[in-house]
$ cat my_file_32.pdb   # PDB, C-alpha atoms and all ligand atoms
ATOM      1  CA  MET A   1    -142.496 -44.744-219.977  1.00  0.00           C
ATOM      2  CA  PRO A   2    -145.470 -44.347-222.332  1.00  0.00           C
ATOM      3  CA  GLY A   3    -146.392 -40.759-223.072  1.00  0.00           C
ATOM      4  CA  ASN A   4    -147.668 -38.358-225.673  1.00  0.00           C
ATOM      5  CA  PRO A   5    -145.784 -36.179-226.450  1.00  0.00           C
ATOM      6  CA  LEU A   6    -143.346 -35.622-223.586  1.00  0.00           C
ATOM      7  CA  PHE A   7    -139.985 -34.039-224.424  1.00  0.00           C
ATOM      8  CA  PRO A   8    -137.370 -35.158-223.717  1.00  0.00           C
ATOM      9  CA  ILE A   9    -138.477 -38.722-223.332  1.00  0.00           C
ATOM     10  CA  SER A  10    -136.499 -41.874-222.711  1.00  0.00           C
ATOM     11  CA  GLY A  11    -137.238 -45.549-222.271  1.00  0.00           C
ATOM     12  CA  GLU A  12    -140.324 -47.373-223.573  1.00  0.00           C
ATOM     13  CA  LEU A  13    -142.566 -45.184-225.754  1.00  0.00           C
ATOM     14  CA  LEU A  14    -145.382 -47.699-226.264  1.00  0.00           C
ATOM     15  CA  ALA A  15    -147.822 -48.885-223.607  1.00  0.00           C
ATOM     16  CA  SER A  16    -148.950 -51.901-225.659  1.00  0.00           C
ATOM     17  CA  ASP A  17    -148.844 -53.816-228.935  1.00  0.00           C
ATOM     18  CA  GLY A  18    -145.089 -53.620-229.501  1.00  0.00           C
ATOM     19  CA  SER A  19    -141.986 -51.979-228.178  1.00  0.00           C
ATOM     20  CA  ALA A  20    -140.056 -48.812-229.111  1.00  0.00           C
ATOM     21  CA  VAL A  21    -137.315 -47.975-226.613  1.00  0.00           C
ATOM     22  CA  LEU A  22    -135.454 -44.665-226.854  1.00  0.00           C
ATOM     23  CA  VAL A  23    -131.911 -44.297-225.509  1.00  0.00           C
ATOM     24  CA  PRO A  24    -131.318 -40.519-225.878  1.00  0.00           C
ATOM     25  CA  ASP A  25    -127.585 -40.464-225.070  1.00  0.00           C
ATOM     26  CA  PHE A  26    -126.505 -43.698-226.771  1.00  0.00           C
ATOM     27  CA  PHE A  27    -123.434 -41.945-228.217  1.00  0.00           C
ATOM     28  CA  SER A  28    -121.582 -39.097-226.495  1.00  0.00           C
ATOM     29  CA  SER A  29    -121.874 -35.808-228.358  1.00  0.00           C
ATOM     30  CA  SER A  30    -118.301 -36.030-229.685  1.00  0.00           C
ATOM     31  CA  GLU A  31    -118.828 -39.637-230.879  1.00  0.00           C
ATOM     32  CA  ALA A  32    -122.091 -38.576-232.502  1.00  0.00           C
ATOM     33  CA  ASP A  33    -120.386 -35.573-234.167  1.00  0.00           C
ATOM     34  CA  ASN A  34    -117.722 -37.874-235.616  1.00  0.00           C
ATOM     35  CA  HIS A  35    -120.236 -40.476-236.855  1.00  0.00           C
ATOM     36  CA  PHE A  36    -122.311 -37.728-238.485  1.00  0.00           C
ATOM     37  CA  LYS A  37    -119.273 -36.222-240.246  1.00  0.00           C
ATOM     38  CA  ASP A  38    -117.913 -39.604-241.407  1.00  0.00           C
ATOM     39  CA  LEU A  39    -121.264 -40.935-242.617  1.00  0.00           C
ATOM     40  CA  LEU A  40    -122.049 -37.692-244.444  1.00  0.00           C
ATOM     41  CA  ALA A  41    -118.726 -37.923-246.302  1.00  0.00           C
ATOM     42  CA  LYS A  42    -118.603 -41.701-246.934  1.00  0.00           C
ATOM     43  CA  THR A  43    -122.211 -42.575-247.794  1.00  0.00           C
ATOM     44  CA  PRO A  44    -122.930 -42.972-251.538  1.00  0.00           C
ATOM     45  CA  TRP A  45    -126.070 -40.825-251.361  1.00  0.00           C
ATOM     46  CA  GLU A  46    -128.814 -41.490-253.896  1.00  0.00           C
ATOM     47  CA  GLN A  47    -132.232 -40.000-254.471  1.00  0.00           C
ATOM     48  CA  HIS A  48    -134.790 -42.639-255.356  1.00  0.00           C
ATOM     49  CA  SER A  49    -138.317 -42.260-256.569  1.00  0.00           C
ATOM     50  CA  LEU A  50    -141.486 -43.725-255.140  1.00  0.00           C
ATOM     51  CA  SER A  51    -144.888 -44.348-256.631  1.00  0.00           C
ATOM     52  CA  MET A  52    -147.537 -41.946-255.366  1.00  0.00           C
ATOM     53  CA  PHE A  53    -151.102 -41.938-256.765  1.00  0.00           C
ATOM     54  CA  GLY A  54    -149.780 -43.739-259.856  1.00  0.00           C
ATOM     55  CA  LYS A  55    -146.950 -41.229-260.477  1.00  0.00           C
ATOM     56  CA  GLN A  56    -143.218 -41.570-259.837  1.00  0.00           C
ATOM     57  CA  VAL A  57    -142.039 -38.811-257.483  1.00  0.00           C
ATOM     58  CA  LEU A  58    -138.604 -38.263-255.974  1.00  0.00           C
ATOM     59  CA  GLU A  59    -138.298 -39.265-252.331  1.00  0.00           C
ATOM     60  CA  PRO A  60    -137.926 -36.182-250.105  1.00  0.00           C
ATOM     61  CA  ARG A  61    -134.566 -37.340-248.716  1.00  0.00           C
ATOM     62  CA  LEU A  62    -131.324 -38.997-249.843  1.00  0.00           C
ATOM     63  CA  SER A  63    -130.577 -42.586-248.889  1.00  0.00           C
ATOM     64  CA  ALA A  64    -128.290 -45.583-249.358  1.00  0.00           C
ATOM     65  CA  TRP A  65    -128.788 -49.285-248.695  1.00  0.00           C
ATOM     66  CA  HIS A  66    -125.774 -51.157-247.235  1.00  0.00           C
ATOM     67  CA  ALA A  67    -125.573 -54.922-246.840  1.00  0.00           C
ATOM     68  CA  GLU A  68    -123.720 -58.020-247.946  1.00  0.00           C
ATOM     69  CA  ALA A  69    -123.807 -58.272-251.770  1.00  0.00           C
ATOM     70  CA  GLU A  70    -126.547 -60.912-251.968  1.00  0.00           C
ATOM     71  CA  LEU A  71    -129.011 -58.968-249.823  1.00  0.00           C
ATOM     72  CA  ALA A  72    -130.975 -56.886-252.331  1.00  0.00           C
ATOM     73  CA  TYR A  73    -133.786 -55.038-250.618  1.00  0.00           C
ATOM     74  CA  THR A  74    -137.055 -53.696-251.944  1.00  0.00           C
ATOM     75  CA  TYR A  75    -138.007 -50.482-250.170  1.00  0.00           C
ATOM     76  CA  SER A  76    -141.032 -48.341-251.101  1.00  0.00           C
ATOM     77  CA  GLY A  77    -141.525 -50.771-253.982  1.00  0.00           C
ATOM     78  CA  GLN A  78    -138.021 -50.072-255.371  1.00  0.00           C
ATOM     79  CA  PRO A  79    -135.327 -52.778-255.554  1.00  0.00           C
ATOM     80  CA  ARG A  80    -132.052 -51.555-254.047  1.00  0.00           C
ATOM     81  CA  THR A  81    -128.610 -52.884-254.922  1.00  0.00           C
ATOM     82  CA  PRO A  82    -126.605 -52.987-251.694  1.00  0.00           C
ATOM     83  CA  HIS A  83    -123.472 -50.933-251.128  1.00  0.00           C
ATOM     84  CA  PRO A  84    -120.678 -52.554-249.096  1.00  0.00           C
ATOM     85  CA  TRP A  85    -120.232 -51.697-245.415  1.00  0.00           C
ATOM     86  CA  ASN A  86    -117.891 -48.792-244.662  1.00  0.00           C
ATOM     87  CA  ASP A  87    -115.917 -48.053-241.484  1.00  0.00           C
ATOM     88  CA  PRO A  88    -118.265 -45.565-239.789  1.00  0.00           C
ATOM     89  CA  LEU A  89    -121.302 -47.715-240.520  1.00  0.00           C
ATOM     90  CA  THR A  90    -119.567 -50.814-239.166  1.00  0.00           C
ATOM     91  CA  ALA A  91    -118.603 -48.943-235.983  1.00  0.00           C
ATOM     92  CA  VAL A  92    -122.201 -47.782-235.435  1.00  0.00           C
ATOM     93  CA  ARG A  93    -123.541 -51.252-236.269  1.00  0.00           C
ATOM     94  CA  MET A  94    -121.223 -52.914-233.731  1.00  0.00           C
ATOM     95  CA  ALA A  95    -122.368 -50.504-231.003  1.00  0.00           C
ATOM     96  CA  CYS A  96    -126.012 -51.341-231.808  1.00  0.00           C
ATOM     97  CA  GLU A  97    -125.291 -55.080-231.845  1.00  0.00           C
ATOM     98  CA  ALA A  98    -123.529 -54.874-228.460  1.00  0.00           C
ATOM     99  CA  HIS A  99    -126.404 -52.881-226.941  1.00  0.00           C
ATOM    100  CA  THR A 100    -129.275 -54.988-228.306  1.00  0.00           C
ATOM    101  CA  GLY A 101    -127.641 -58.443-228.362  1.00  0.00           C
ATOM    102  CA  HIS A 102    -128.913 -58.825-231.955  1.00  0.00           C
ATOM    103  CA  LEU A 103    -126.944 -59.092-235.210  1.00  0.00           C
ATOM    104  CA  PHE A 104    -127.768 -56.804-238.127  1.00  0.00           C
ATOM    105  CA  ASN A 105    -126.906 -57.575-241.776  1.00  0.00           C
ATOM    106  CA  GLY A 106    -128.369 -54.531-243.518  1.00  0.00           C
ATOM    107  CA  ALA A 107    -128.661 -50.784-242.964  1.00  0.00           C
ATOM    108  CA  LEU A 108    -130.739 -48.113-244.625  1.00  0.00           C
ATOM    109  CA  VAL A 109    -129.019 -44.728-244.250  1.00  0.00           C
ATOM    110  CA  ASN A 110    -131.191 -41.637-244.728  1.00  0.00           C
ATOM    111  CA  LEU A 111    -130.180 -37.995-245.081  1.00  0.00           C
ATOM    112  CA  TYR A 112    -132.849 -35.408-244.270  1.00  0.00           C
ATOM    113  CA  ARG A 113    -131.256 -32.300-245.816  1.00  0.00           C
ATOM    114  CA  SER A 114    -133.690 -29.837-244.229  1.00  0.00           C
ATOM    115  CA  GLY A 115    -137.107 -29.740-242.571  1.00  0.00           C
ATOM    116  CA  ALA A 116    -138.660 -30.249-246.010  1.00  0.00           C
ATOM    117  CA  ASP A 117    -137.219 -33.778-246.135  1.00  0.00           C
ATOM    118  CA  ALA A 118    -139.356 -36.416-244.467  1.00  0.00           C
ATOM    119  CA  MET A 119    -140.537 -40.030-244.445  1.00  0.00           C
ATOM    120  CA  GLY A 120    -144.268 -40.743-244.609  1.00  0.00           C
ATOM    121  CA  TRP A 121    -146.293 -43.196-242.547  1.00  0.00           C
ATOM    122  CA  HIS A 122    -145.099 -46.757-243.041  1.00  0.00           C
ATOM    123  CA  SER A 123    -144.059 -49.836-241.112  1.00  0.00           C
ATOM    124  CA  ASP A 124    -140.963 -51.911-241.701  1.00  0.00           C
ATOM    125  CA  ASP A 125    -143.048 -55.038-242.137  1.00  0.00           C
ATOM    126  CA  GLU A 126    -141.750 -56.372-245.444  1.00  0.00           C
ATOM    127  CA  PRO A 127    -141.554 -60.204-245.228  1.00  0.00           C
ATOM    128  CA  ILE A 128    -137.752 -60.072-245.629  1.00  0.00           C
ATOM    129  CA  ASN A 129    -137.527 -58.383-242.202  1.00  0.00           C
ATOM    130  CA  GLY A 130    -139.083 -61.480-240.622  1.00  0.00           C
ATOM    131  CA  ILE A 131    -141.765 -61.638-237.943  1.00  0.00           C
ATOM    132  CA  ASN A 132    -141.443 -59.111-235.080  1.00  0.00           C
ATOM    133  CA  PRO A 133    -138.136 -57.673-236.352  1.00  0.00           C
ATOM    134  CA  VAL A 134    -135.666 -55.871-234.099  1.00  0.00           C
ATOM    135  CA  ILE A 135    -134.810 -52.579-235.814  1.00  0.00           C
ATOM    136  CA  ALA A 136    -132.101 -50.354-234.340  1.00  0.00           C
ATOM    137  CA  SER A 137    -132.464 -46.740-235.473  1.00  0.00           C
ATOM    138  CA  VAL A 138    -129.643 -44.257-234.822  1.00  0.00           C
ATOM    139  CA  SER A 139    -130.171 -40.500-235.150  1.00  0.00           C
ATOM    140  CA  LEU A 140    -127.340 -38.038-235.841  1.00  0.00           C
ATOM    141  CA  GLY A 141    -127.525 -34.302-236.456  1.00  0.00           C
ATOM    142  CA  ALA A 142    -130.649 -32.167-236.169  1.00  0.00           C
ATOM    143  CA  GLU A 143    -133.367 -33.326-233.811  1.00  0.00           C
ATOM    144  CA  ARG A 144    -136.563 -34.446-235.519  1.00  0.00           C
ATOM    145  CA  ARG A 145    -139.905 -35.567-234.141  1.00  0.00           C
ATOM    146  CA  PHE A 146    -140.693 -39.257-234.625  1.00  0.00           C
ATOM    147  CA  ASP A 147    -144.365 -40.265-234.626  1.00  0.00           C
ATOM    148  CA  LEU A 148    -145.863 -43.713-234.106  1.00  0.00           C
ATOM    149  CA  ARG A 149    -149.551 -44.233-234.956  1.00  0.00           C
ATOM    150  CA  HIS A 150    -151.496 -47.330-233.946  1.00  0.00           C
ATOM    151  CA  LYS A 151    -152.933 -49.042-237.046  1.00  0.00           C
ATOM    152  CA  ARG A 152    -156.301 -49.821-235.391  1.00  0.00           C
ATOM    153  CA  THR A 153    -156.904 -47.182-232.699  1.00  0.00           C
ATOM    154  CA  HIS A 154    -154.972 -44.364-234.463  1.00  0.00           C
ATOM    155  CA  GLU A 155    -153.410 -43.377-231.108  1.00  0.00           C
ATOM    156  CA  VAL A 156    -150.305 -41.278-231.825  1.00  0.00           C
ATOM    157  CA  VAL A 157    -147.145 -41.350-229.691  1.00  0.00           C
ATOM    158  CA  SER A 158    -144.392 -38.843-230.467  1.00  0.00           C
ATOM    159  CA  ALA A 159    -140.829 -38.312-229.288  1.00  0.00           C
ATOM    160  CA  VAL A 160    -137.944 -36.118-230.345  1.00  0.00           C
ATOM    161  CA  LEU A 161    -134.932 -38.132-231.525  1.00  0.00           C
ATOM    162  CA  PRO A 162    -131.790 -36.350-230.296  1.00  0.00           C
ATOM    163  CA  HIS A 163    -128.284 -36.295-231.824  1.00  0.00           C
ATOM    164  CA  GLY A 164    -126.591 -39.582-230.868  1.00  0.00           C
ATOM    165  CA  SER A 165    -129.780 -41.373-229.808  1.00  0.00           C
ATOM    166  CA  LEU A 166    -130.837 -44.967-230.432  1.00  0.00           C
ATOM    167  CA  LEU A 167    -134.429 -46.116-230.894  1.00  0.00           C
ATOM    168  CA  VAL A 168    -134.998 -49.879-230.805  1.00  0.00           C
ATOM    169  CA  MET A 169    -138.294 -51.055-232.290  1.00  0.00           C
ATOM    170  CA  SER A 170    -139.162 -54.682-231.604  1.00  0.00           C
ATOM    171  CA  GLY A 171    -141.896 -57.177-230.784  1.00  0.00           C
ATOM    172  CA  ALA A 172    -145.145 -56.440-232.609  1.00  0.00           C
ATOM    173  CA  CYS A 173    -144.255 -52.769-233.251  1.00  0.00           C
ATOM    174  CA  GLN A 174    -144.209 -53.147-237.059  1.00  0.00           C
ATOM    175  CA  THR A 175    -147.418 -55.220-237.048  1.00  0.00           C
ATOM    176  CA  ASN A 176    -149.451 -52.755-234.982  1.00  0.00           C
ATOM    177  CA  TRP A 177    -147.897 -49.324-235.522  1.00  0.00           C
ATOM    178  CA  HIS A 178    -146.945 -47.083-238.439  1.00  0.00           C
ATOM    179  CA  HIS A 179    -144.153 -44.557-237.975  1.00  0.00           C
ATOM    180  CA  ARG A 180    -142.958 -41.417-239.766  1.00  0.00           C
ATOM    181  CA  ILE A 181    -140.701 -38.375-239.737  1.00  0.00           C
ATOM    182  CA  ALA A 182    -142.975 -35.445-240.577  1.00  0.00           C
ATOM    183  CA  LYS A 183    -141.911 -32.351-242.494  1.00  0.00           C
ATOM    184  CA  THR A 184    -141.301 -29.235-240.436  1.00  0.00           C
ATOM    185  CA  THR A 185    -141.223 -25.570-241.469  1.00  0.00           C
ATOM    186  CA  ARG A 186    -138.599 -24.864-238.780  1.00  0.00           C
ATOM    187  CA  GLU A 187    -135.154 -23.887-240.115  1.00  0.00           C
ATOM    188  CA  ILE A 188    -133.091 -26.917-239.198  1.00  0.00           C
ATOM    189  CA  GLU A 189    -129.767 -28.496-240.005  1.00  0.00           C
ATOM    190  CA  PRO A 190    -129.405 -31.871-241.778  1.00  0.00           C
ATOM    191  CA  ARG A 191    -130.073 -35.146-239.970  1.00  0.00           C
ATOM    192  CA  ILE A 192    -128.746 -38.635-240.701  1.00  0.00           C
ATOM    193  CA  ASN A 193    -130.702 -41.697-239.611  1.00  0.00           C
ATOM    194  CA  VAL A 194    -129.491 -45.282-239.878  1.00  0.00           C
ATOM    195  CA  THR A 195    -131.887 -48.187-239.427  1.00  0.00           C
ATOM    196  CA  PHE A 196    -130.146 -51.517-238.904  1.00  0.00           C
ATOM    197  CA  ARG A 197    -132.117 -54.609-239.773  1.00  0.00           C
ATOM    198  CA  PHE A 198    -131.584 -58.366-239.974  1.00  0.00           C
ATOM    199  CA  LEU A 199    -132.830 -59.639-243.306  1.00  0.00           C
ATOM    200  CA  CYS A 200    -133.855 -63.257-243.549  1.00  0.00           C
ATOM    201  CA  CYS A 201    -132.484 -64.647-246.832  1.00  0.00           C
TER     202      CYS A 201
HETATM  203  O1  LIG A 301    -135.534 -41.347-239.893  1.00  0.00           O
HETATM  204  C1  LIG A 301    -136.075 -42.057-239.047  1.00  0.00           C
HETATM  205  O2  LIG A 301    -135.962 -41.866-237.839  1.00  0.00           O
HETATM  206  C2  LIG A 301    -136.934 -43.226-239.497  1.00  0.00           C
HETATM  207  C3  LIG A 301    -136.406 -43.973-240.675  1.00  0.00           C
HETATM  208  C4  LIG A 301    -137.273 -45.133-241.034  1.00  0.00           C
HETATM  209  O3  LIG A 301    -138.364 -45.298-240.548  1.00  0.00           O
HETATM  210  C5  LIG A 301    -136.800 -46.124-242.008  1.00  0.00           C
HETATM  211  O4  LIG A 301    -135.684 -45.998-242.542  1.00  0.00           O
HETATM  212  O5  LIG A 301    -137.543 -47.085-242.274  1.00  0.00           O
HETATM  213 MN    MN A 302    -139.175 -47.305-240.942  1.00  0.00          MN
END
$ encode --input "my_file_32.pdb" --output "structure tokens"
Amino acid sequence: MPGNPLFPISGELLASDGSAVLVPDFFSSSEADNHFKDLLAKTPWEQHSLSMFGKQVLEPRLSAWHAEAELAYTYSGQPRTPHPWNDPLTAVRMACEAHTGHLFNGALVNLYRSGADAMGWHSDDEPINGINPVIASVSLGAERRFDLRHKRTHEVVSAVLPHGSLLVMSGACQTNWHHRIAKTTREIEPRINVTFRFLCC
């Protein structure tokens, strides 16, 4: 169901040039509450820096990269040493694998502590993700708006990502669209997002 911006939205967000399918109630609210609590407690949160206009600035969020030991990952130009899988992450990963029929061997976990935390426009198109990657993105905690912007036409498609939702980006989504979580001045609670990927070694 392509649209811009219709809230709440579910199903296919993109009319063309890739796929982004939102499943708003992927986890029940009690499952989502438990995953949020467990991941908040068990994730080895780090704050990394990124290069912006030639300067190193701290990323406006906390994050952790989880994968098998040999799968180092360079994100925002920064090499990341993987942390081992933990129980809540494995449970969420297995649910995403069962739903999508795809295996995932890495997960980037992000903590947006408040509306001031964000992730700028980017696409998950690093070569290690392979061509037309399937990326399963789980949202827990505060709702945030997710924007997709077409790289050529600059069309913007937006959707709110609810607590316990799953967004599956696939096909040519990373080739043709950027995505972001924008800052908001609203007073909001923390949000955890996990993006599962399959890295080609
Ligand atoms: O927080 C989100 O929903 C998006 C996260 C994201 O795009 C990423 O980790 O690459
Ligand atoms: Mn991304």
$ closest_residue --input "my_file_32.pdb" --among "A:Leu103, A:Arg113, A:Ala20, A:Thr184" --to "ligand MN 302 (chain A)" --atoms "only C-alpha atoms and all ligand atoms"
A:Ala20
$ residues_around --input "my_file_32.pdb" --residues "Arg186 in chain A" --least-positions-apart "2" --cutoff "10 Å" --atoms "all atoms listed in the file" --output "JSON, numbers by chain"
{"A": [114, 115, 116, 183, 184, 188, 189]}
$ resolve_selection --input "my_file_32.pdb" --expression "the PyMOL selection byres (((not hetatm)) within 8 of (chain A and resi 302))" --output "list in words"
His122, Ser123, Asp124, His179, Arg180 and Thr195 of chain A
$ closest_residue --input "my_file_32.pdb" --among "A:Ala172, A:Leu89, A:Thr153, A:Leu22" --to "ligand LIG 301 (chain A)" --atoms "all atoms listed in the file"
A:Leu22
$ residues_near_ligand --input "my_file_32.pdb" --ligand "ligand LIG 301 (chain A)" --cutoff "8 Å" --atoms "all atoms listed in the file" --output "list in words"
Leu108, Val109, Asn110, Tyr112, Ala118, Met119, His122, Ser123, Asp124, Ser137, Val138, Ser139, Arg144, Phe146, Leu161, His179, Arg180, Ile181, Ile192, Asn193, Val194 and Thr195 of chain A
$ atom_distance --input "my_file_32.pdb" --atom1 "CA of Trp85 in chain A" --atom2 "CA of Ala72 in chain A"
13.8 Å
$ residues_near_point --input "my_file_32.pdb" --point "(-144.2, -52.4, -255.3)" --cutoff "12 Å" --atoms "only C-alpha atoms" --output "NGL selection string"
:A and (49-52 or 54 or 56 or 73-79 or 126)
$ closest_residue --input "my_file_32.pdb" --among "A:Pro162, A:Gly141, A:Gly18, A:Gly120" --to "His35 in chain A" --atoms "only C-alpha atoms"
A:Gly141
$ atom_distance --input "my_file_32.pdb" --atom1 "CA of Trp177 in chain A" --atom2 "CA of Leu148 in chain A"
6.1 Å
$ residues_around --input "my_file_32.pdb" --residues "Arg152 in chain A" --least-positions-apart "3" --cutoff "10 Å" --atoms "all atoms listed in the file" --output "MDAnalysis selection string"
chainID A and resid 149 155 176:177
$ write_last_selection --input "my_file_32.pdb" --atoms "C-alpha atoms" --output "mmCIF file, in the frame of the given file"
data_model
loop_
_atom_site.group_PDB
_atom_site.id
_atom_site.type_symbol
_atom_site.label_atom_id
_atom_site.label_comp_id
_atom_site.auth_asym_id
_atom_site.auth_seq_id
_atom_site.Cartn_x
_atom_site.Cartn_y
_atom_site.Cartn_z
ATOM 1 C CA ARG A 149 -149.551 -44.233 -234.956
ATOM 2 C CA GLU A 155 -153.410 -43.377 -231.108
ATOM 3 C CA ASN A 176 -149.451 -52.755 -234.982
ATOM 4 C CA TRP A 177 -147.897 -49.324 -235.522
#
$ atom_distance --input "my_file_32.pdb" --atom1 "CA of Lys37 in chain A" --atom2 "CA of His99 in chain A"
22.5 Å
$ residues_near_point --input "my_file_32.pdb" --point "(-133.2, -53.5, -226.4)" --cutoff "9 Å" --atoms "only C-alpha atoms" --output "tab-separated table (two decimals) with C-alpha atoms, in the coordinates of the input"
chain	number	residue	atom	x	y	z
A	20	ALA	CA	-140.06	-48.81	-229.11
A	21	VAL	CA	-137.32	-47.98	-226.61
A	99	HIS	CA	-126.40	-52.88	-226.94
A	100	THR	CA	-129.28	-54.99	-228.31
A	101	GLY	CA	-127.64	-58.44	-228.36
A	102	HIS	CA	-128.91	-58.82	-231.96
A	134	VAL	CA	-135.67	-55.87	-234.10
A	136	ALA	CA	-132.10	-50.35	-234.34
A	167	LEU	CA	-134.43	-46.12	-230.89
A	168	VAL	CA	-135.00	-49.88	-230.80
A	169	MET	CA	-138.29	-51.06	-232.29
A	170	SER	CA	-139.16	-54.68	-231.60
$ residues_around --input "my_file_32.pdb" --residues "His163 in chain A" --least-positions-apart "2" --cutoff "8 Å" --atoms "only C-alpha atoms" --output "list of chain:residue names"
A:Pro24, A:Asp25, A:Ser29, A:Ala32, A:Ser139, A:Leu140, A:Gly141, A:Ala142, A:Glu143, A:Leu161, A:Ser165
$ closest_residue --input "my_file_32.pdb" --among "A:Phe198, A:His154, A:Glu46, A:Gly130" --to "Ala67 in chain A" --atoms "all atoms listed in the file"
A:Phe198
$ residues_around --input "my_file_32.pdb" --residues "Pro84 in chain A" --least-positions-apart "5" --cutoff "10 Å" --atoms "all atoms listed in the file" --output "compact mmCIF listing (two decimals) with C-alpha atoms, in the coordinates of the input"
# COMPACT_ATOMS: atom_id res chain seq x y z
CA TRP A 65 -128.79 -49.28 -248.70
CA HIS A 66 -125.77 -51.16 -247.24
CA ALA A 67 -125.57 -54.92 -246.84
CA GLU A 68 -123.72 -58.02 -247.95
CA ALA A 69 -123.81 -58.27 -251.77
CA LEU A 89 -121.30 -47.72 -240.52
CA GLY A 106 -128.37 -54.53 -243.52
$ closest_residue --input "my_file_32.pdb" --among "A:Thr43, A:Thr185, A:Gln174, A:Thr81" --to "Ser63 in chain A" --atoms "all atoms listed in the file"
A:Thr43
$ decode --input "my_file_32.pdb" --residues "range 90-106 of chain A" --atoms "N, CA and C atoms" --output "CSV table (one decimal), in the first residue's frame"
chain,number,residue,atom,x,y,z
A,90,THR,N,19.0,-13.4,19.8
A,90,THR,CA,18.8,-14.6,19.1
A,90,THR,C,17.3,-14.9,18.9
A,91,ALA,N,16.5,-14.7,20.0
A,91,ALA,CA,15.1,-14.9,19.9
A,91,ALA,C,14.4,-14.0,18.8
A,92,VAL,N,14.8,-12.7,18.8
A,92,VAL,CA,14.3,-11.8,17.8
A,92,VAL,C,14.7,-12.2,16.4
A,93,ARG,N,16.0,-12.6,16.3
A,93,ARG,CA,16.5,-13.0,15.0
A,93,ARG,C,15.8,-14.2,14.4
A,94,MET,N,15.5,-15.2,15.3
A,94,MET,CA,14.8,-16.4,14.8
A,94,MET,C,13.4,-16.1,14.4
A,95,ALA,N,12.7,-15.1,15.0
A,95,ALA,CA,11.4,-14.7,14.6
A,95,ALA,C,11.5,-14.1,13.2
A,96,CYS,N,12.5,-13.2,13.0
A,96,CYS,CA,12.7,-12.6,11.7
A,96,CYS,C,13.0,-13.6,10.6
A,97,GLU,N,13.8,-14.6,11.0
A,97,GLU,CA,14.2,-15.6,10.0
A,97,GLU,C,13.0,-16.4,9.6
A,98,ALA,N,12.1,-16.8,10.6
A,98,ALA,CA,11.0,-17.6,10.3
A,98,ALA,C,10.0,-16.8,9.4
A,99,HIS,N,9.8,-15.5,9.7
A,99,HIS,CA,8.9,-14.7,8.9
A,99,HIS,C,9.4,-14.4,7.5
A,100,THR,N,10.7,-14.1,7.3
A,100,THR,CA,11.2,-13.7,6.0
A,100,THR,C,11.6,-14.9,5.2
A,101,GLY,N,12.0,-16.1,5.8
A,101,GLY,CA,12.6,-17.2,5.1
A,101,GLY,C,14.0,-16.9,4.7
A,102,HIS,N,14.6,-15.9,5.3
A,102,HIS,CA,16.0,-15.6,5.1
A,102,HIS,C,16.8,-15.8,6.4
A,103,LEU,N,18.1,-16.1,6.2
A,103,LEU,CA,19.0,-16.2,7.4
A,103,LEU,C,19.7,-14.9,7.6
A,104,PHE,N,20.0,-14.6,8.8
A,104,PHE,CA,20.7,-13.3,9.1
A,104,PHE,C,22.0,-13.7,10.0
A,105,ASN,N,23.1,-13.1,9.7
A,105,ASN,CA,24.3,-13.5,10.4
A,105,ASN,C,24.9,-12.2,11.1
A,106,GLY,N,24.2,-11.1,11.1
A,106,GLY,CA,24.7,-9.9,11.8
A,106,GLY,C,23.6,-9.0,12.2
